[in-house]
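Trainee: Below is target_15.cif; it holds mmCIF, C-alpha atoms.
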data_final
loop_
_atom_site.group_PDB
_atom_site.id
_atom_site.type_symbol
_atom_site.label_atom_id
_atom_site.label_comp_id
_atom_site.auth_asym_id
_atom_site.auth_seq_id
_atom_site.Cartn_x
_atom_site.Cartn_y
_atom_site.Cartn_z
ATOM 1 C CA MET A 21 203.120 161.707 65.938
ATOM 2 C CA ILE A 22 204.622 161.583 69.440
ATOM 3 C CA VAL A 23 205.793 164.736 71.227
ATOM 4 C CA MET A 24 207.646 164.739 74.540
ATOM 5 C CA THR A 25 207.505 167.717 76.902
ATOM 6 C CA ILE A 26 210.266 168.270 79.464
ATOM 7 C CA LEU A 27 210.668 170.845 82.217
ATOM 8 C CA VAL A 28 214.329 171.414 83.114
ATOM 9 C CA LYS A 29 216.422 173.377 85.571
ATOM 10 C CA ASP A 30 220.155 172.664 85.771
ATOM 11 C CA GLU A 31 220.074 169.152 84.252
ATOM 12 C CA ILE A 32 223.316 169.261 82.244
ATOM 13 C CA ASP A 33 224.340 165.759 83.344
ATOM 14 C CA ILE A 34 221.271 164.035 81.891
ATOM 15 C CA ILE A 35 219.329 166.177 79.388
ATOM 16 C CA GLU A 36 221.386 165.143 76.331
ATOM 17 C CA ARG A 37 220.934 161.429 77.026
ATOM 18 C CA ASN A 38 217.243 161.966 77.688
ATOM 19 C CA ILE A 39 216.586 163.584 74.333
ATOM 20 C CA LYS A 40 218.821 161.237 72.354
ATOM 21 C CA VAL A 41 217.391 158.068 73.916
ATOM 22 C CA HIS A 42 213.770 159.093 73.428
ATOM 23 C CA SER A 43 214.415 160.233 69.873
ATOM 24 C CA LYS A 44 215.964 156.848 69.168
ATOM 25 C CA LEU A 45 212.881 155.176 70.666
ATOM 26 C CA GLY A 46 210.488 157.073 68.413
ATOM 27 C CA VAL A 47 209.718 160.536 69.814
ATOM 28 C CA ASP A 48 209.291 162.914 66.857
ATOM 29 C CA ALA A 49 209.629 166.285 68.597
ATOM 30 C CA PHE A 50 210.340 167.831 71.998
ATOM 31 C CA VAL A 51 208.938 170.887 73.739
ATOM 32 C CA VAL A 52 211.374 171.831 76.498
ATOM 33 C CA MET A 53 210.937 174.563 79.074
ATOM 34 C CA ASP A 54 214.087 175.823 80.781
ATOM 35 C CA ASN A 55 213.664 177.523 84.156
ATOM 36 C CA ASN A 56 216.731 179.730 84.659
ATOM 37 C CA SER A 57 219.391 177.043 84.238
ATOM 38 C CA THR A 58 222.915 178.234 85.027
ATOM 39 C CA ASP A 59 224.949 175.030 84.514
ATOM 40 C CA GLY A 60 224.980 174.885 80.691
ATOM 41 C CA THR A 61 221.640 173.124 80.247
ATOM 42 C CA ARG A 62 220.175 175.998 78.192
ATOM 43 C CA GLU A 63 223.198 176.100 75.902
ATOM 44 C CA LYS A 64 223.065 172.312 75.492
ATOM 45 C CA LEU A 65 219.434 172.583 74.378
ATOM 46 C CA ASP A 66 220.434 175.069 71.685
ATOM 47 C CA GLU A 67 223.116 172.649 70.528
ATOM 48 C CA LEU A 68 220.713 169.681 70.463
ATOM 49 C CA SER A 69 218.090 171.704 68.565
ATOM 50 C CA LYS A 70 220.409 171.711 65.550
ATOM 51 C CA GLU A 71 220.051 167.937 65.301
ATOM 52 C CA TYR A 72 216.608 167.237 66.798
ATOM 53 C CA GLU A 73 213.204 168.901 66.501
ATOM 54 C CA ILE A 74 213.093 170.885 69.751
ATOM 55 C CA THR A 75 210.953 173.868 70.692
ATOM 56 C CA ILE A 76 212.576 175.707 73.610
ATOM 57 C CA ILE A 77 210.619 177.896 76.014
ATOM 58 C CA ASP A 78 212.402 180.122 78.532
ATOM 59 C CA GLU A 79 210.503 180.501 81.803
ATOM 60 C CA LYS A 80 211.906 182.928 84.369
ATOM 61 C CA GLY A 81 209.191 182.620 87.019
ATOM 62 C CA LEU A 82 209.047 180.784 90.346
ATOM 63 C CA TYR A 83 208.793 177.021 89.849
ATOM 64 C CA ASN A 84 205.214 175.886 89.127
ATOM 65 C CA GLN A 85 205.276 172.366 87.683
ATOM 66 C CA ALA A 86 201.568 171.698 87.170
ATOM 67 C CA LYS A 87 200.947 175.057 85.466
ATOM 68 C CA TRP A 88 204.019 174.811 83.258
ATOM 69 C CA MET A 89 203.429 171.219 82.176
ATOM 70 C CA LYS A 90 199.909 172.174 81.089
ATOM 71 C CA LYS A 91 201.428 175.036 79.079
ATOM 72 C CA LEU A 92 203.963 172.680 77.497
ATOM 73 C CA SER A 93 201.213 170.280 76.490
ATOM 74 C CA SER A 94 199.254 173.152 74.950
ATOM 75 C CA VAL A 95 202.292 174.293 72.935
ATOM 76 C CA ALA A 96 202.883 170.705 71.789
ATOM 77 C CA LYS A 97 199.270 170.408 70.626
ATOM 78 C CA ASN A 98 199.169 173.741 68.806
ATOM 79 C CA LYS A 99 202.540 173.410 67.075
ATOM 80 C CA TYR A 100 202.712 169.716 66.242
ATOM 81 C CA ASN A 101 199.146 168.332 66.486
ATOM 82 C CA PRO A 102 200.429 165.002 67.911
ATOM 83 C CA ARG A 103 198.469 161.871 68.680
ATOM 84 C CA TRP A 104 200.256 161.538 72.042
ATOM 85 C CA VAL A 105 202.160 163.824 74.407
ATOM 86 C CA ILE A 106 204.548 162.207 76.897
ATOM 87 C CA ASN A 107 204.826 164.478 79.947
ATOM 88 C CA ASN A 108 208.388 163.861 81.004
ATOM 89 C CA ASP A 109 211.020 165.032 83.478
ATOM 90 C CA ALA A 110 214.710 165.178 82.612
ATOM 91 C CA ASP A 111 215.504 162.322 85.018
ATOM 92 C CA GLU A 112 212.961 159.848 83.594
ATOM 93 C CA PHE A 113 213.238 157.369 80.731
ATOM 94 C CA TRP A 114 210.126 155.871 79.128
ATOM 95 C CA ILE A 115 211.033 152.376 77.978
ATOM 96 C CA PRO A 116 208.699 150.165 75.907
ATOM 97 C CA LYS A 117 208.586 146.521 76.921
ATOM 98 C CA GLU A 118 208.859 145.579 73.255
ATOM 99 C CA GLY A 119 209.810 147.468 70.106
ATOM 100 C CA ASN A 120 209.751 151.255 70.137
ATOM 101 C CA LEU A 121 207.438 153.918 71.515
ATOM 102 C CA LYS A 122 205.506 154.270 68.263
ATOM 103 C CA GLU A 123 204.640 150.575 68.335
ATOM 104 C CA ALA A 124 203.804 150.672 72.038
ATOM 105 C CA LEU A 125 201.519 153.688 71.564
ATOM 106 C CA ASN A 126 199.585 152.275 68.631
ATOM 107 C CA VAL A 127 196.527 152.104 70.890
ATOM 108 C CA SER A 128 193.300 153.966 71.534
ATOM 109 C CA GLY A 129 192.595 156.065 74.625
ATOM 110 C CA ALA A 130 192.982 159.540 76.088
ATOM 111 C CA VAL A 131 195.147 159.090 79.213
ATOM 112 C CA LEU A 132 197.643 156.253 79.632
ATOM 113 C CA THR A 133 198.974 155.695 83.153
ATOM 114 C CA CYS A 134 202.449 154.144 83.204
ATOM 115 C CA GLN A 135 204.165 152.466 86.155
ATOM 116 C CA ARG A 136 207.298 154.244 87.385
ATOM 117 C CA TYR A 137 210.330 152.822 89.202
ATOM 118 C CA ASN A 138 213.235 154.410 91.066
ATOM 119 C CA MET A 139 216.650 153.448 89.761
ATOM 120 C CA VAL A 140 219.147 152.224 92.362
ATOM 121 C CA ILE A 141 222.437 154.009 92.917
ATOM 122 C CA ASP A 142 225.008 151.597 94.333
ATOM 123 C CA GLU A 143 228.700 152.057 95.068
ATOM 124 C CA SER A 144 229.678 151.348 91.458
ATOM 125 C CA VAL A 145 227.541 154.173 90.023
ATOM 126 C CA SER A 146 227.592 156.816 92.739
ATOM 127 C CA ASN A 147 230.142 159.148 91.113
ATOM 128 C CA GLY A 148 228.005 160.361 88.233
ATOM 129 C CA ASN A 149 228.020 157.302 85.961
ATOM 130 C CA TYR A 150 224.312 156.683 86.646
ATOM 131 C CA TYR A 151 223.956 155.354 83.092
ATOM 132 C CA ASP A 152 225.682 152.130 84.243
ATOM 133 C CA ALA A 153 222.935 151.376 86.793
ATOM 134 C CA GLU A 154 221.304 147.960 86.393
ATOM 135 C CA TYR A 155 218.825 147.750 89.277
ATOM 136 C CA HIS A 156 215.503 149.398 89.990
ATOM 137 C CA VAL A 157 213.137 149.238 92.962
ATOM 138 C CA HIS A 158 210.534 146.824 91.653
ATOM 139 C CA ASN A 159 208.637 146.262 94.907
ATOM 140 C CA PRO A 160 208.824 149.403 97.056
ATOM 141 C CA VAL A 161 208.944 149.558 100.830
ATOM 142 C CA PHE A 162 205.995 151.512 102.233
ATOM 143 C CA TYR A 163 206.088 153.877 105.191
ATOM 144 C CA ARG A 164 204.042 156.729 106.567
ATOM 145 C CA LYS A 165 204.751 160.247 105.351
ATOM 146 C CA GLU A 166 205.311 161.611 108.832
ATOM 147 C CA THR A 167 208.335 159.310 109.304
ATOM 148 C CA GLN A 168 210.089 161.018 106.396
ATOM 149 C CA LEU A 169 211.005 163.843 108.767
ATOM 150 C CA THR A 170 212.800 161.541 111.197
ATOM 151 C CA GLN A 171 216.128 159.720 111.201
ATOM 152 C CA GLU A 172 214.350 156.357 111.325
ATOM 153 C CA TYR A 173 212.745 156.139 107.897
ATOM 154 C CA PRO A 174 214.085 153.795 105.183
ATOM 155 C CA SER A 175 215.914 155.231 102.182
ATOM 156 C CA ILE A 176 213.621 157.400 100.068
ATOM 157 C CA ILE A 177 214.778 155.384 97.051
ATOM 158 C CA LEU A 178 212.870 152.390 98.454
ATOM 159 C CA SER A 179 209.543 154.193 98.746
ATOM 160 C CA LYS A 180 206.548 153.934 96.457
ATOM 161 C CA ILE A 181 206.376 156.608 93.758
ATOM 162 C CA GLY A 182 203.402 157.659 91.683
ATOM 163 C CA PRO A 183 202.855 156.667 88.062
ATOM 164 C CA LYS A 184 203.178 159.070 85.142
ATOM 165 C CA VAL A 185 200.763 159.823 82.311
ATOM 166 C CA ILE A 186 200.806 160.020 78.541
ATOM 167 C CA THR A 187 197.966 162.123 77.171
ATOM 168 C CA ASP A 188 196.001 162.872 74.054
ATOM 169 C CA PRO A 189 196.340 166.696 74.020
ATOM 170 C CA LYS A 190 192.983 167.134 72.322
ATOM 171 C CA GLY A 191 190.516 167.400 75.180
ATOM 172 C CA LEU A 192 193.094 167.609 77.958
ATOM 173 C CA LEU A 193 191.776 169.682 80.873
ATOM 174 C CA ILE A 194 194.273 169.361 83.732
ATOM 175 C CA ILE A 195 197.607 167.719 84.471
ATOM 176 C CA ARG A 196 197.805 167.249 88.225
ATOM 177 C CA GLY A 197 200.829 167.242 90.503
ATOM 178 C CA GLY A 198 204.071 166.054 88.938
ATOM 179 C CA ASN A 199 202.319 164.620 85.855
ATOM 180 C CA HIS A 200 200.912 161.758 87.927
ATOM 181 C CA LYS A 201 197.269 162.282 86.916
ATOM 182 C CA ALA A 202 195.423 163.914 84.044
ATOM 183 C CA LEU A 203 191.843 165.042 83.680
ATOM 184 C CA HIS A 204 190.550 164.663 80.116
ATOM 185 C CA LEU A 205 187.168 165.152 78.507
ATOM 186 C CA LYS A 206 187.186 161.489 77.546
ATOM 187 C CA ASN A 207 187.961 160.140 81.030
ATOM 188 C CA LEU A 208 185.908 162.374 83.337
ATOM 189 C CA TRP A 209 183.701 159.518 84.518
ATOM 190 C CA ASP A 210 186.554 157.120 85.200
ATOM 191 C CA TYR A 211 188.617 159.816 86.886
ATOM 192 C CA TRP A 212 186.047 160.892 89.420
ATOM 193 C CA ARG A 213 184.392 157.527 90.048
ATOM 194 C CA HIS A 214 187.107 154.930 89.600
ATOM 195 C CA TYR A 215 190.511 156.637 89.870
ATOM 196 C CA ASP A 216 191.879 154.117 92.382
ATOM 197 C CA LYS A 217 191.069 151.339 89.931
ATOM 198 C CA ILE A 218 192.562 152.887 86.807
ATOM 199 C CA LYS A 219 194.460 150.189 84.969
ATOM 200 C CA ARG A 220 198.154 150.711 84.319
ATOM 201 C CA PHE A 221 199.259 150.904 80.704
ATOM 202 C CA SER A 222 201.649 147.979 80.622
ATOM 203 C CA ASN A 223 203.342 148.608 77.245
ATOM 204 C CA ILE A 224 205.666 151.270 78.699
ATOM 205 C CA GLU A 225 207.564 151.589 81.981
ATOM 206 C CA VAL A 226 209.193 154.723 83.390
ATOM 207 C CA PHE A 227 212.618 154.525 85.056
ATOM 208 C CA HIS A 228 213.468 157.390 87.391
ATOM 209 C CA PHE A 229 217.029 158.540 88.136
ATOM 210 C CA VAL A 230 216.016 160.810 91.011
ATOM 211 C CA ILE A 231 219.538 160.977 92.512
ATOM 212 C CA ARG A 232 222.559 160.432 90.256
ATOM 213 C CA SER A 233 225.574 161.752 92.155
ATOM 214 C CA TYR A 234 226.294 163.771 95.265
ATOM 215 C CA GLU A 235 226.984 166.884 93.176
ATOM 216 C CA GLN A 236 223.610 166.611 91.433
ATOM 217 C CA PHE A 237 221.874 165.835 94.752
ATOM 218 C CA GLU A 238 223.350 168.889 96.491
ATOM 219 C CA LYS A 239 222.555 171.144 93.535
ATOM 220 C CA HIS A 240 218.944 169.986 93.570
ATOM 221 C CA ILE A 241 218.590 170.582 97.312
ATOM 222 C CA LYS A 242 219.988 174.095 96.901
ATOM 223 C CA ILE A 243 217.175 174.754 94.395
ATOM 224 C CA ARG A 244 214.615 173.435 96.901
ATOM 225 C CA LYS A 245 216.156 175.580 99.630
ATOM 226 C CA ALA A 246 215.740 178.690 97.471
ATOM 227 C CA LEU A 247 212.110 177.800 96.790
ATOM 228 C CA LEU A 248 211.385 177.436 100.493
ATOM 229 C CA GLU A 249 213.064 180.736 101.268
ATOM 230 C CA ASP A 250 211.235 182.602 98.476
ATOM 231 C CA LYS A 251 207.795 181.245 99.277
ATOM 232 C CA LYS A 252 207.344 179.881 102.785
ATOM 233 C CA HIS A 253 204.044 178.130 102.038
ATOM 234 C CA ILE A 254 205.129 176.367 98.867
ATOM 235 C CA ARG A 255 203.986 172.752 98.557
ATOM 236 C CA MET A 256 206.942 170.430 98.974
ATOM 237 C CA GLY A 257 207.336 166.849 100.165
ATOM 238 C CA PRO A 258 208.581 166.291 103.739
ATOM 239 C CA HIS A 259 211.668 164.448 102.496
ATOM 240 C CA TYR A 260 212.776 167.562 100.583
ATOM 241 C CA ARG A 261 212.200 169.736 103.643
ATOM 242 C CA ARG A 262 214.264 167.303 105.691
ATOM 243 C CA TRP A 263 217.072 167.363 103.101
ATOM 244 C CA VAL A 264 217.112 171.161 103.107
ATOM 245 C CA LYS A 265 217.427 171.051 106.890
ATOM 246 C CA LEU A 266 220.322 168.576 106.633
ATOM 247 C CA TYR A 267 222.008 170.772 104.023
ATOM 248 C CA ASN A 268 221.757 173.752 106.366
ATOM 249 C CA GLU A 269 223.336 171.631 109.119
ATOM 250 C CA GLY A 270 226.162 170.412 106.891
ATOM 251 C CA LYS A 271 224.918 166.797 106.997
ATOM 252 C CA LEU A 272 223.712 166.249 103.412
ATOM 253 C CA LYS A 273 226.826 164.304 102.324
ATOM 254 C CA GLU A 274 226.305 161.922 105.252
ATOM 255 C CA GLU A 275 222.683 161.410 104.148
ATOM 256 C CA PHE A 276 223.829 160.617 100.611
ATOM 257 C CA GLU A 277 226.446 158.092 101.689
ATOM 258 C CA ASN A 278 224.319 156.334 104.346
ATOM 259 C CA ARG A 279 220.766 156.443 102.953
ATOM 260 C CA ILE A 280 220.992 156.964 99.202
ATOM 261 C CA VAL A 281 223.923 154.819 98.020
ATOM 262 C CA PHE A 282 223.609 151.049 98.528
ATOM 263 C CA ASN A 283 226.592 148.764 99.033
ATOM 264 C CA GLN A 284 226.904 145.458 97.173
ATOM 265 C CA ASN A 285 225.706 143.344 100.101
ATOM 266 C CA GLU A 286 222.569 145.468 100.429
ATOM 267 C CA VAL A 287 221.894 145.135 96.715
ATOM 268 C CA LYS A 288 222.173 141.338 96.915
ATOM 269 C CA VAL A 289 219.807 141.128 99.900
ATOM 270 C CA PHE A 290 217.191 143.411 98.321
ATOM 271 C CA GLU A 291 217.436 141.469 95.067
ATOM 272 C CA LYS A 292 217.017 138.155 96.918
ATOM 273 C CA TYR A 293 213.752 139.322 98.468
ATOM 274 C CA GLY A 294 212.382 140.832 95.262
ATOM 275 C CA ILE A 295 212.663 144.483 96.242
ATOM 276 C CA PHE A 296 215.361 145.194 93.659
ATOM 277 C CA GLN A 297 215.194 143.814 90.136
ATOM 278 C CA LYS A 298 218.014 143.734 87.614
ATOM 279 C CA ASP A 299 217.169 145.077 84.168
ATOM 280 C CA THR A 300 219.948 145.959 81.717
ATOM 281 C CA ARG A 301 217.682 147.518 79.048
ATOM 282 C CA ILE A 302 218.142 150.979 80.496
ATOM 283 C CA LYS A 303 221.908 150.665 80.722
ATOM 284 C CA GLU A 304 222.154 149.439 77.136
ATOM 285 C CA LEU A 305 220.029 152.303 75.850
ATOM 286 C CA LEU A 306 221.886 154.999 77.768
ATOM 287 C CA LYS A 307 225.331 153.683 76.872
ATOM 288 C CA ASN A 308 224.684 153.099 73.177
ATOM 289 C CA ILE A 309 223.883 156.628 72.008
#
Could you show the structure in this file as structure tokens?
Mentor:
Amino acid sequence: MIVMTILVKDEIDIIERNIKVHSKLGVDAFVVMDNNSTDGTREKLDELSKEYEITIIDEKGLYNQAKWMKKLSSVAKNKYNPRWVINNDADEFWIPKEGNLKEALNVSGAVLTCQRYNMVIDESVSNGNYYDAEYHVHNPVFYRKETQLTQEYPSIILSKIGPKVITDPKGLLIIRGGNHKALHLKNLWDYWRHYDKIKRFSNIEVFHFVIRSYEQFEKHIKIRKALLEDKKHIRMGPHYRRWVKLYNEGKLKEEFENRIVFNQNEVKVFEKYGIFQKDTRIKELLKNI
């Protein structure tokens, strides 16, 4: 059995596709935690639960991803006793290279580390029709973290992003960060001694729709702004802090248009040099549900 956990807050534009696509690919049940959504996400989950096996958890506290994802995994284990738990976010799609997720996960192991790619938003898909996107960042551009606070850094979409993990819930000790690492009784030695050399699980790739439209982008930055104001020492990436600053200055729309959305000439150049790669699997899955 495969269970997918998802932590959501105001994801009305994508949560239905996420659940439907992954159910179609072989996920048997979902454990979804909603953190004070106000845009209809919570009501949509109730609607989807009539058709799909979904356990919904309402969490009213201040955002704590690592703690809550561990809780979700524990609920998944205790309620469904699955072989695998996929620790997902609402904006990520786990796509097998061949067949479905059940076939891809017919393997042994305790923690499977899957490569993750940012999806590209170009001019044709910048108004909310993210599901038509055909390109992802296959070979990221690297830059130092400190440059993320300046006007000179490349688009955040081009940067390297961490992998995500699928776990055997039996023996799971810790899920670290944004589900990028997991500490398990069966992989203690490899984790502490050889983490940098952990082999990627190549059967599944994760495609990340981090920014889907300006409306979604602004809404997300407002959430980050509230977190910073509620807890001044909260851990948050420098790019988010910079975006909150731009929002406060009335410059977030300019950031979206100039650094997030790519024009057709840019797409062609990045594709020519292997930075962008075209892959229509995601589009076909998201459209045909």
Trainee: Expand the PyMOL selection byres ((chain A and resi 130-135) around 9) into the individual residues it matches in the shown file, reporting them as a VMD selection string.
Mentor: chain A and resid 104 114 128 to 129 136 to 137 181 to 192 200 to 207 218 to 227
Trainee: In Å to one decimal, how far is CA of Asp59 in chain A from CA of Lys239 in chain A?
Mentor: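 About the pair CA of Lys239 in chain A and CA of Asp59 in chain A: they are 10.1 Å apart.
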Trainee: Between A:Asn149, A:Asn268, A:Asn285, A:Thr300, which is the closest to Ile231 in chain A once you count all atoms listed in the file?
Mentor: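 Of the candidates, the smallest distance to Ile231 in chain A is held by A:Asn149.
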Trainee: Can you tell me which residues surround range 271-276 of chain A at a distance of at most 12 Å, considering all atoms listed in the file, apart from same-chain residues fewer than 3 positions away, and format the answer as an NGL selection string?
Mentor: :A and (141-143 or 146-147 or 171 or 173-177 or 231-242 or 259-260 or 262-268 or 279-282)
Trainee: Could the residues in this selection be written to a file with C-alpha atoms, as a PDB file, in the coordinates of the input?
Mentor:
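So the final result, stored in out.pdb, reads:
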ATOM      1  CA  ILE A 141     222.437 154.009  92.917  1.00  0.00           C
ATOM      2  CA  ASP A 142     225.008 151.597  94.333  1.00  0.00           C
ATOM      3  CA  GLU A 143     228.700 152.057  95.068  1.00  0.00           C
ATOM      4  CA  SER A 146     227.592 156.816  92.739  1.00  0.00           C
ATOM      5  CA  ASN A 147     230.142 159.148  91.113  1.00  0.00           C
ATOM      6  CA  GLN A 171     216.128 159.720 111.201  1.00  0.00           C
ATOM      7  CA  TYR A 173     212.745 156.139 107.897  1.00  0.00           C
ATOM      8  CA  PRO A 174     214.085 153.795 105.183  1.00  0.00           C
ATOM      9  CA  SER A 175     215.914 155.231 102.182  1.00  0.00           C
ATOM     10  CA  ILE A 176     213.621 157.400 100.068  1.00  0.00           C
ATOM     11  CA  ILE A 177     214.778 155.384  97.051  1.00  0.00           C
ATOM     12  CA  ILE A 231     219.538 160.977  92.512  1.00  0.00           C
ATOM     13  CA  ARG A 232     222.559 160.432  90.256  1.00  0.00           C
ATOM     14  CA  SER A 233     225.574 161.752  92.155  1.00  0.00           C
ATOM     15  CA  TYR A 234     226.294 163.771  95.265  1.00  0.00           C
ATOM     16  CA  GLU A 235     226.984 166.884  93.176  1.00  0.00           C
ATOM     17  CA  GLN A 236     223.610 166.611  91.433  1.00  0.00           C
ATOM     18  CA  PHE A 237     221.874 165.835  94.752  1.00  0.00           C
ATOM     19  CA  GLU A 238     223.350 168.889  96.491  1.00  0.00           C
ATOM     20  CA  LYS A 239     222.555 171.144  93.535  1.00  0.00           C
ATOM     21  CA  HIS A 240     218.944 169.986  93.570  1.00  0.00           C
ATOM     22  CA  ILE A 241     218.590 170.582  97.312  1.00  0.00           C
ATOM     23  CA  LYS A 242     219.988 174.095  96.901  1.00  0.00           C
ATOM     24  CA  HIS A 259     211.668 164.448 102.496  1.00  0.00           C
ATOM     25  CA  TYR A 260     212.776 167.562 100.583  1.00  0.00           C
ATOM     26  CA  ARG A 262     214.264 167.303 105.691  1.00  0.00           C
ATOM     27  CA  TRP A 263     217.072 167.363 103.101  1.00  0.00           C
ATOM     28  CA  VAL A 264     217.112 171.161 103.107  1.00  0.00           C
ATOM     29  CA  LYS A 265     217.427 171.051 106.890  1.00  0.00           C
ATOM     30  CA  LEU A 266     220.322 168.576 106.633  1.00  0.00           C
ATOM     31  CA  TYR A 267     222.008 170.772 104.023  1.00  0.00           C
ATOM     32  CA  ASN A 268     221.757 173.752 106.366  1.00  0.00           C
ATOM     33  CA  ARG A 279     220.766 156.443 102.953  1.00  0.00           C
ATOM     34  CA  ILE A 280     220.992 156.964  99.202  1.00  0.00           C
ATOM     35  CA  VAL A 281     223.923 154.819  98.020  1.00  0.00           C
ATOM     36  CA  PHE A 282     223.609 151.049  98.528  1.00  0.00           C
TER      37      PHE A 282
END
Trainee: I'd like to know which of A:Leu82, A:Leu178, A:Val127, A:Val140 is closest to Leu248 in chain A, using all atoms listed in the file.
Mentor: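 Using all atoms listed in the file, Leu248 in chain A sits closest to A:Leu82.
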Trainee: From the set A:Ile194, A:Leu305, A:Ile295, A:Val28, which residue has the shortest atom-to-atom contact distance to Met53 in chain A, counting only C-alpha atoms?
Mentor: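 The closest residue to Met53 in chain A is A:Val28.
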Trainee: For Lys64 in chain A, which of A:Asp78, A:Asn308, A:Arg103, A:Asp33 is the closest residue, counting all atoms listed in the file?
Mentor: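 Checking each candidate against Lys64 in chain A, we get A:Asp33 as the closest.
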Trainee: So which residues touch Val23 in chain A within 7 Å, counting all atoms listed in the file, skipping near sequence neighbours fewer than 4 positions away, as a PyMOL selection string?
Mentor: chain A and resi 47-50+96+102+104-106
Trainee: Just to confirm, what's the straight-line distance from CA of Tyr151 in chain A to CA of Gly60 in chain A in Å (one decimal)?
Mentor: 19.7 Å
Trainee: Which one is closest to Glu304 in chain A: A:Asn278, A:His228, A:Asp111, A:Asp152? Count all atoms listed in the file.
Mentor: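 Ranking A:Asn278, A:His228, A:Asp111, A:Asp152 by distance to Glu304 in chain A, first place goes to A:Asp152.
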Trainee: For Leu306 in chain A, which residue among A:Ala246, A:Val289, A:Ala124, A:Ile115 is the nearest when counting all atoms listed in the file?
Mentor: A:Ile115
Trainee: Mind pulling up the distance from CA of Arg62 in chain A to CA of Asn38 in chain A?
Mentor: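 CA of Asn38 in chain A sits 14.3 Å away from CA of Arg62 in chain A.
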Trainee: Show me, as a PyMOL selection string, the residues that have an atom within 12 Å of Ile76 in chain A when counting only C-alpha atoms, minus same-chain residues fewer than 2 positions from it.
Mentor: chain A and resi 25-28+49-55+61-70+72-74+78-79+92+95-96
Trainee: Mind dumping the selected residues with C-alpha atoms as a PDB file, keeping the file's coordinate frame?
Mentor:
ATOM      1  CA  THR A  25     207.505 167.717  76.902  1.00  0.00           C
ATOM      2  CA  ILE A  26     210.266 168.270  79.464  1.00  0.00           C
ATOM      3  CA  LEU A  27     210.668 170.845  82.217  1.00  0.00           C
ATOM      4  CA  VAL A  28     214.329 171.414  83.114  1.00  0.00           C
ATOM      5  CA  ALA A  49     209.629 166.285  68.597  1.00  0.00           C
ATOM      6  CA  PHE A  50     210.340 167.831  71.998  1.00  0.00           C
ATOM      7  CA  VAL A  51     208.938 170.887  73.739  1.00  0.00           C
ATOM      8  CA  VAL A  52     211.374 171.831  76.498  1.00  0.00           C
ATOM      9  CA  MET A  53     210.937 174.563  79.074  1.00  0.00           C
ATOM     10  CA  ASP A  54     214.087 175.823  80.781  1.00  0.00           C
ATOM     11  CA  ASN A  55     213.664 177.523  84.156  1.00  0.00           C
ATOM     12  CA  THR A  61     221.640 173.124  80.247  1.00  0.00           C
ATOM     13  CA  ARG A  62     220.175 175.998  78.192  1.00  0.00           C
ATOM     14  CA  GLU A  63     223.198 176.100  75.902  1.00  0.00           C
ATOM     15  CA  LYS A  64     223.065 172.312  75.492  1.00  0.00           C
ATOM     16  CA  LEU A  65     219.434 172.583  74.378  1.00  0.00           C
ATOM     17  CA  ASP A  66     220.434 175.069  71.685  1.00  0.00           C
ATOM     18  CA  GLU A  67     223.116 172.649  70.528  1.00  0.00           C
ATOM     19  CA  LEU A  68     220.713 169.681  70.463  1.00  0.00           C
ATOM     20  CA  SER A  69     218.090 171.704  68.565  1.00  0.00           C
ATOM     21  CA  LYS A  70     220.409 171.711  65.550  1.00  0.00           C
ATOM     22  CA  TYR A  72     216.608 167.237  66.798  1.00  0.00           C
ATOM     23  CA  GLU A  73     213.204 168.901  66.501  1.00  0.00           C
ATOM     24  CA  ILE A  74     213.093 170.885  69.751  1.00  0.00           C
ATOM     25  CA  ASP A  78     212.402 180.122  78.532  1.00  0.00           C
ATOM     26  CA  GLU A  79     210.503 180.501  81.803  1.00  0.00           C
ATOM     27  CA  LEU A  92     203.963 172.680  77.497  1.00  0.00           C
ATOM     28  CA  VAL A  95     202.292 174.293  72.935  1.00  0.00           C
ATOM     29  CA  ALA A  96     202.883 170.705  71.789  1.00  0.00           C
TER      30      ALA A  96
END
Trainee: Need the shell around Tyr293 in chain A: protein/DNA/RNA residues with any atom at most 12 Å away, counting all atoms listed in the file. Skip same-chain ones fewer than 3 positions apart. Format as a PyMOL selection string?
Mentor: chain A and resi 157-161+286-290+296-297
Trainee: Considering all atoms listed in the file, return as a PyMOL selection string whatever protein or nucleic-acid residues lie within 9 Å of Asn120 in chain A, sequence-local ones (same chain, fewer than 5 positions apart) excluded.
Mentor: chain A and resi 44-46+115+125
